[in-house]
Amino acid sequence: MAYALRDGGWRGFSFFGLFFALTISSSVVISHIMELDLTIRSYPDIGRVAFGIAGYRTVWIIVFLFTYACCVENTVVARDTLINLLPQDMFKTDNREASGGQLLTMLMVIVMIAIILFRDWGIFDIMLTGFYANCFSSHSNLPDFYKQTKNRKEFILLLIYIFVPTAILYIGVGCLGYHLFGNTVEPLFVLSMPGHLGASKAAKICTGISSMAMQVDELVTNPQDDEQDNCTKSTLVRIALVATTIAISMAVPFYGPFMAFMASILGVTVALIIPYMCFLRIRYPDFTRRQVTSTVVVLLVAVTGAILGSIKSAPALAKG
């Protein structure tokens with residue numbers, strides 16, 4: 001948030017407020033869709049109800065790409081924060097100097113593979129309460145949340161519990177970071193903190209560890225893994241996917257542009273475009289002209305934001 005304020009100034013809060021309101025609205029839209037069809041069990045099922053099997057596959061691919069990109073992103077975050085705590089000559093040998101970032105990345109992937117192999121850990125149920133750390137765009141978890149609530153009122157209260165504290169933390173930390181460091185603030189706010197302070201080291205450690213854990217639950221769990229054969233195949237596939245994050249995270253040595261590009265395309269699609277497009281497709285015969293117009297306006301805002309955000313972040317991502 002502080003890095004976004006550095007690029008856009010204080011007027012960036014207007015965009016934050018707009019996206020905050022739209023994501024809450026799209027979350028409520030998801031609850032309406034699930035009430036219309038009780039067979040919906042996952043986010044891709046919303047695409048199936050709206051557009052058939054093609055919609056299911058399309059939404060599944062988008063959610064998979066978003067989850068995978070988040071794994072890469074959090075691997076980069078963990079690497080950059082933890083490597084900052086280690087001595088510069090820690091990985092030197094007699095004739096060569098190993099890359100600390102590479103070794104840390106491999107270590108993190110080993111940890112993630114271990115989590116996949118031993119995935120019956122209750123701690124990951126607790127992690128779901130913080131899934132909006134990805135800038136309010138992890139809507140693929142909402143069907144699971146909705147199934148655990150008694151009615152829409154309880155679901156909306158849950159959304160308020162998630163959204164409001166998260167928004168307050170985003171705004172508070174963003175203002176504090178931008179006020180303290182100004183235009184010198186790093187994409188990872190904790191890297192701007194004085195390295196000699198104990199609080200700074202603790203913040204970096206917490207950021208690195210939490211980043212390793214973020215999004216692993218989505219990659220680990222699968223409701224179709226009840227059979228032993230399915231479970232074995234699924235585990236092997238997940239291990240292969242996690243292993244590939246080594247090469248990709250090493251090819252992305254910078255956090256800010258990657259985060260902006262990913263959120264602009266995949267994040268906006270998951271959080272806004274998919275819910276509103278599916279809702280419009282399902283309820284179009286019953287919609288009034290005003291409802292159709294408002295839904296189309298939201299879709300245009302989302303698509304425009306995705307295009308402009310990707311255009312701005314793509315050059316920085318290409319430069320490396």
# chains A, B, ... in the order shown; residues from 1 in each chain; ligands from 1
$ residues_around --residues "Phe20 of chain A" --least-positions-apart "5" --cutoff "10 Å" --atoms "only C-alpha atoms" --output "VMD selection string"
chain A and resid 14 to 15 25 135 to 137 163 to 164 167
$ atom_distance --atom1 "atom CA of Ile311 of chain A" --atom2 "atom CA of Leu266 of chain A"
13.8 Å
$ residues_around --residues "segment 287-299 of chain A" --least-positions-apart "3" --cutoff "8 Å" --atoms "only C-alpha atoms" --output "PyMOL selection string"
chain A and resi 22+272-273+276-277+280+283-284+302-303
$ closest_atom_pairs --of "segment 45-84 of chain A" --to "segment 140-155 of chain A" --cutoff "10 Å" --atoms "only C-alpha atoms" --output "JSON lines"
{"residue": "A:Asp45", "atom": "CA", "partner": "A:Pro143", "partner_atom": "CA", "distance": 9.4}
{"residue": "A:Ile46", "atom": "CA", "partner": "A:Pro143", "partner_atom": "CA", "distance": 9.1}
{"residue": "A:Val59", "atom": "CA", "partner": "A:Ser140", "partner_atom": "CA", "distance": 9.6}
{"residue": "A:Trp60", "atom": "CA", "partner": "A:Ser140", "partner_atom": "CA", "distance": 9.6}
{"residue": "A:Val63", "atom": "CA", "partner": "A:Ser140", "partner_atom": "CA", "distance": 7.0}
{"residue": "A:Phe64", "atom": "CA", "partner": "A:Ser140", "partner_atom": "CA", "distance": 9.9}
{"residue": "A:Phe66", "atom": "CA", "partner": "A:Ser140", "partner_atom": "CA", "distance": 9.8}
{"residue": "A:Thr67", "atom": "CA", "partner": "A:Ser140", "partner_atom": "CA", "distance": 9.5}
$ atom_distance --atom1 "atom CA of Gly267 of chain A" --atom2 "atom CA of Ser138 of chain A"
7.6 Å
$ closest_residue --among "A:Leu236, A:Ile248, A:Ala314, A:Ala306" --to "Val268 of chain A" --atoms "only C-alpha atoms"
A:Ala306
$ atom_distance --atom1 "atom CA of Ser313 of chain A" --atom2 "atom CA of His139 of chain A"
22.9 Å
$ select_by_dssp --residues "segment 7-44 of chain A" --states "alpha helix (DSSP H)" --output "list in words"
Asp7, Gly8, Gly12, Phe13, Ser14, Phe15, Phe16, Gly17, Leu18, Phe19, Phe20, Ala21, Leu22, Thr23, Ile24, Ser25, Ser26, Ser27, Val28, Val29, Ile30, Ser31, His32, Ile33, Met34, Glu35, Leu36, Tyr43 and Pro44 of chain A
$ write_last_selection --atoms "N, CA and C atoms" --output "PDB file, in the first residue's frame"
ATOM      1  N   ASP A   7       3.694   5.752  -5.855  1.00  0.00           N
ATOM      2  CA  ASP A   7       3.488   5.899  -7.298  1.00  0.00           C
ATOM      3  C   ASP A   7       2.310   6.808  -7.634  1.00  0.00           C
ATOM      4  N   GLY A   8       1.226   6.702  -6.864  1.00  0.00           N
ATOM      5  CA  GLY A   8       0.015   7.437  -7.209  1.00  0.00           C
ATOM      6  C   GLY A   8      -0.321   8.609  -6.316  1.00  0.00           C
ATOM      7  N   GLY A  12      -4.437   8.018  -4.594  1.00  0.00           N
ATOM      8  CA  GLY A  12      -4.588   6.580  -4.767  1.00  0.00           C
ATOM      9  C   GLY A  12      -5.652   5.984  -3.857  1.00  0.00           C
ATOM     10  N   PHE A  13      -5.972   6.697  -2.757  1.00  0.00           N
ATOM     11  CA  PHE A  13      -7.015   6.195  -1.869  1.00  0.00           C
ATOM     12  C   PHE A  13      -8.375   6.158  -2.554  1.00  0.00           C
ATOM     13  N   SER A  14      -8.584   7.020  -3.532  1.00  0.00           N
ATOM     14  CA  SER A  14      -9.860   6.996  -4.252  1.00  0.00           C
ATOM     15  C   SER A  14     -10.014   5.694  -5.034  1.00  0.00           C
ATOM     16  N   PHE A  15      -8.916   5.222  -5.641  1.00  0.00           N
ATOM     17  CA  PHE A  15      -8.960   3.948  -6.356  1.00  0.00           C
ATOM     18  C   PHE A  15      -9.126   2.789  -5.376  1.00  0.00           C
ATOM     19  N   PHE A  16      -8.457   2.902  -4.237  1.00  0.00           N
ATOM     20  CA  PHE A  16      -8.594   1.876  -3.203  1.00  0.00           C
ATOM     21  C   PHE A  16     -10.040   1.780  -2.732  1.00  0.00           C
ATOM     22  N   GLY A  17     -10.665   2.936  -2.488  1.00  0.00           N
ATOM     23  CA  GLY A  17     -12.055   2.949  -2.048  1.00  0.00           C
ATOM     24  C   GLY A  17     -13.000   2.374  -3.085  1.00  0.00           C
ATOM     25  N   LEU A  18     -12.755   2.690  -4.360  1.00  0.00           N
ATOM     26  CA  LEU A  18     -13.593   2.162  -5.434  1.00  0.00           C
ATOM     27  C   LEU A  18     -13.482   0.649  -5.513  1.00  0.00           C
ATOM     28  N   PHE A  19     -12.257   0.142  -5.498  1.00  0.00           N
ATOM     29  CA  PHE A  19     -12.057  -1.301  -5.583  1.00  0.00           C
ATOM     30  C   PHE A  19     -12.609  -1.994  -4.345  1.00  0.00           C
ATOM     31  N   PHE A  20     -12.461  -1.369  -3.178  1.00  0.00           N
ATOM     32  CA  PHE A  20     -13.000  -1.911  -1.932  1.00  0.00           C
ATOM     33  C   PHE A  20     -14.512  -2.095  -2.034  1.00  0.00           C
ATOM     34  N   ALA A  21     -15.205  -1.068  -2.529  1.00  0.00           N
ATOM     35  CA  ALA A  21     -16.665  -1.134  -2.656  1.00  0.00           C
ATOM     36  C   ALA A  21     -17.094  -2.177  -3.687  1.00  0.00           C
ATOM     37  N   LEU A  22     -16.387  -2.227  -4.812  1.00  0.00           N
ATOM     38  CA  LEU A  22     -16.762  -3.167  -5.868  1.00  0.00           C
ATOM     39  C   LEU A  22     -16.535  -4.615  -5.450  1.00  0.00           C
ATOM     40  N   THR A  23     -15.471  -4.877  -4.698  1.00  0.00           N
ATOM     41  CA  THR A  23     -15.201  -6.256  -4.284  1.00  0.00           C
ATOM     42  C   THR A  23     -16.205  -6.726  -3.235  1.00  0.00           C
ATOM     43  N   ILE A  24     -16.640  -5.830  -2.359  1.00  0.00           N
ATOM     44  CA  ILE A  24     -17.706  -6.205  -1.428  1.00  0.00           C
ATOM     45  C   ILE A  24     -18.982  -6.524  -2.206  1.00  0.00           C
ATOM     46  N   SER A  25     -19.298  -5.682  -3.173  1.00  0.00           N
ATOM     47  CA  SER A  25     -20.492  -5.894  -3.989  1.00  0.00           C
ATOM     48  C   SER A  25     -20.422  -7.217  -4.742  1.00  0.00           C
ATOM     49  N   SER A  26     -19.263  -7.525  -5.317  1.00  0.00           N
ATOM     50  CA  SER A  26     -19.128  -8.781  -6.060  1.00  0.00           C
ATOM     51  C   SER A  26     -19.213  -9.989  -5.135  1.00  0.00           C
ATOM     52  N   SER A  27     -18.791  -9.828  -3.880  1.00  0.00           N
ATOM     53  CA  SER A  27     -18.920 -10.916  -2.907  1.00  0.00           C
ATOM     54  C   SER A  27     -20.386 -11.210  -2.615  1.00  0.00           C
ATOM     55  N   VAL A  28     -21.184 -10.156  -2.493  1.00  0.00           N
ATOM     56  CA  VAL A  28     -22.626 -10.334  -2.289  1.00  0.00           C
ATOM     57  C   VAL A  28     -23.261 -10.964  -3.529  1.00  0.00           C
ATOM     58  N   VAL A  29     -22.775 -10.578  -4.707  1.00  0.00           N
ATOM     59  CA  VAL A  29     -23.272 -11.164  -5.954  1.00  0.00           C
ATOM     60  C   VAL A  29     -23.047 -12.674  -5.963  1.00  0.00           C
ATOM     61  N   ILE A  30     -21.895 -13.106  -5.464  1.00  0.00           N
ATOM     62  CA  ILE A  30     -21.602 -14.540  -5.404  1.00  0.00           C
ATOM     63  C   ILE A  30     -22.621 -15.257  -4.525  1.00  0.00           C
ATOM     64  N   SER A  31     -23.002 -14.641  -3.408  1.00  0.00           N
ATOM     65  CA  SER A  31     -24.010 -15.259  -2.537  1.00  0.00           C
ATOM     66  C   SER A  31     -25.355 -15.375  -3.253  1.00  0.00           C
ATOM     67  N   HIS A  32     -25.714 -14.380  -4.056  1.00  0.00           N
ATOM     68  CA  HIS A  32     -26.962 -14.450  -4.835  1.00  0.00           C
ATOM     69  C   HIS A  32     -26.907 -15.616  -5.826  1.00  0.00           C
ATOM     70  N   ILE A  33     -25.763 -15.776  -6.491  1.00  0.00           N
ATOM     71  CA  ILE A  33     -25.626 -16.862  -7.465  1.00  0.00           C
ATOM     72  C   ILE A  33     -25.760 -18.215  -6.782  1.00  0.00           C
ATOM     73  N   MET A  34     -25.160 -18.368  -5.610  1.00  0.00           N
ATOM     74  CA  MET A  34     -25.209 -19.647  -4.911  1.00  0.00           C
ATOM     75  C   MET A  34     -26.606 -19.958  -4.403  1.00  0.00           C
ATOM     76  N   GLU A  35     -27.382 -18.934  -4.117  1.00  0.00           N
ATOM     77  CA  GLU A  35     -28.767 -19.165  -3.713  1.00  0.00           C
ATOM     78  C   GLU A  35     -29.626 -19.643  -4.882  1.00  0.00           C
ATOM     79  N   LEU A  36     -29.240 -19.248  -6.087  1.00  0.00           N
ATOM     80  CA  LEU A  36     -30.010 -19.624  -7.271  1.00  0.00           C
ATOM     81  C   LEU A  36     -29.786 -21.076  -7.671  1.00  0.00           C
ATOM     82  N   TYR A  43     -15.802 -22.336  -6.919  1.00  0.00           N
ATOM     83  CA  TYR A  43     -15.838 -21.151  -7.778  1.00  0.00           C
ATOM     84  C   TYR A  43     -16.040 -21.511  -9.253  1.00  0.00           C
ATOM     85  N   PRO A  44     -15.369 -22.539  -9.781  1.00  0.00           N
ATOM     86  CA  PRO A  44     -15.626 -22.914 -11.180  1.00  0.00           C
ATOM     87  C   PRO A  44     -17.071 -23.320 -11.448  1.00  0.00           C
TER      88      PRO A  44
END
$ decode --residues "segment 273-286 of chain A" --atoms "N, CA and C atoms" --output "short mmCIF file (atom, residue, chain, number, x, y, z; two decimals), in the first residue's frame"
data_model
loop_
_atom_site.label_atom_id
_atom_site.label_comp_id
_atom_site.auth_asym_id
_atom_site.auth_seq_id
_atom_site.Cartn_x
_atom_site.Cartn_y
_atom_site.Cartn_z
N ILE A 273 -14.70 -9.42 -12.62
CA ILE A 273 -15.23 -9.76 -13.94
C ILE A 273 -16.02 -11.06 -13.91
N ILE A 274 -15.47 -12.11 -13.31
CA ILE A 274 -16.17 -13.40 -13.28
C ILE A 274 -17.51 -13.32 -12.55
N PRO A 275 -17.56 -12.78 -11.30
CA PRO A 275 -18.86 -12.75 -10.62
C PRO A 275 -19.93 -11.96 -11.37
N TYR A 276 -19.58 -10.76 -11.83
CA TYR A 276 -20.58 -9.93 -12.48
C TYR A 276 -20.98 -10.47 -13.85
N MET A 277 -20.03 -11.02 -14.59
CA MET A 277 -20.36 -11.57 -15.91
C MET A 277 -21.26 -12.79 -15.77
N CYS A 278 -20.95 -13.65 -14.82
CA CYS A 278 -21.79 -14.84 -14.61
C CYS A 278 -23.17 -14.46 -14.10
N PHE A 279 -23.22 -13.50 -13.20
CA PHE A 279 -24.51 -13.06 -12.66
C PHE A 279 -25.39 -12.45 -13.76
N LEU A 280 -24.76 -11.66 -14.62
CA LEU A 280 -25.50 -11.06 -15.74
C LEU A 280 -26.03 -12.13 -16.68
N ARG A 281 -25.20 -13.15 -16.94
CA ARG A 281 -25.62 -14.24 -17.83
C ARG A 281 -26.78 -15.04 -17.24
N ILE A 282 -26.74 -15.28 -15.93
CA ILE A 282 -27.77 -16.10 -15.29
C ILE A 282 -29.08 -15.35 -15.13
N ARG A 283 -28.99 -14.09 -14.69
CA ARG A 283 -30.20 -13.34 -14.35
C ARG A 283 -30.66 -12.37 -15.43
N TYR A 284 -30.03 -12.38 -16.58
CA TYR A 284 -30.37 -11.39 -17.61
C TYR A 284 -31.86 -11.35 -17.96
N PRO A 285 -32.55 -12.50 -18.10
CA PRO A 285 -33.98 -12.44 -18.44
C PRO A 285 -34.83 -11.71 -17.40
N ASP A 286 -34.39 -11.73 -16.13
CA ASP A 286 -35.17 -11.12 -15.06
C ASP A 286 -34.70 -9.71 -14.69
#
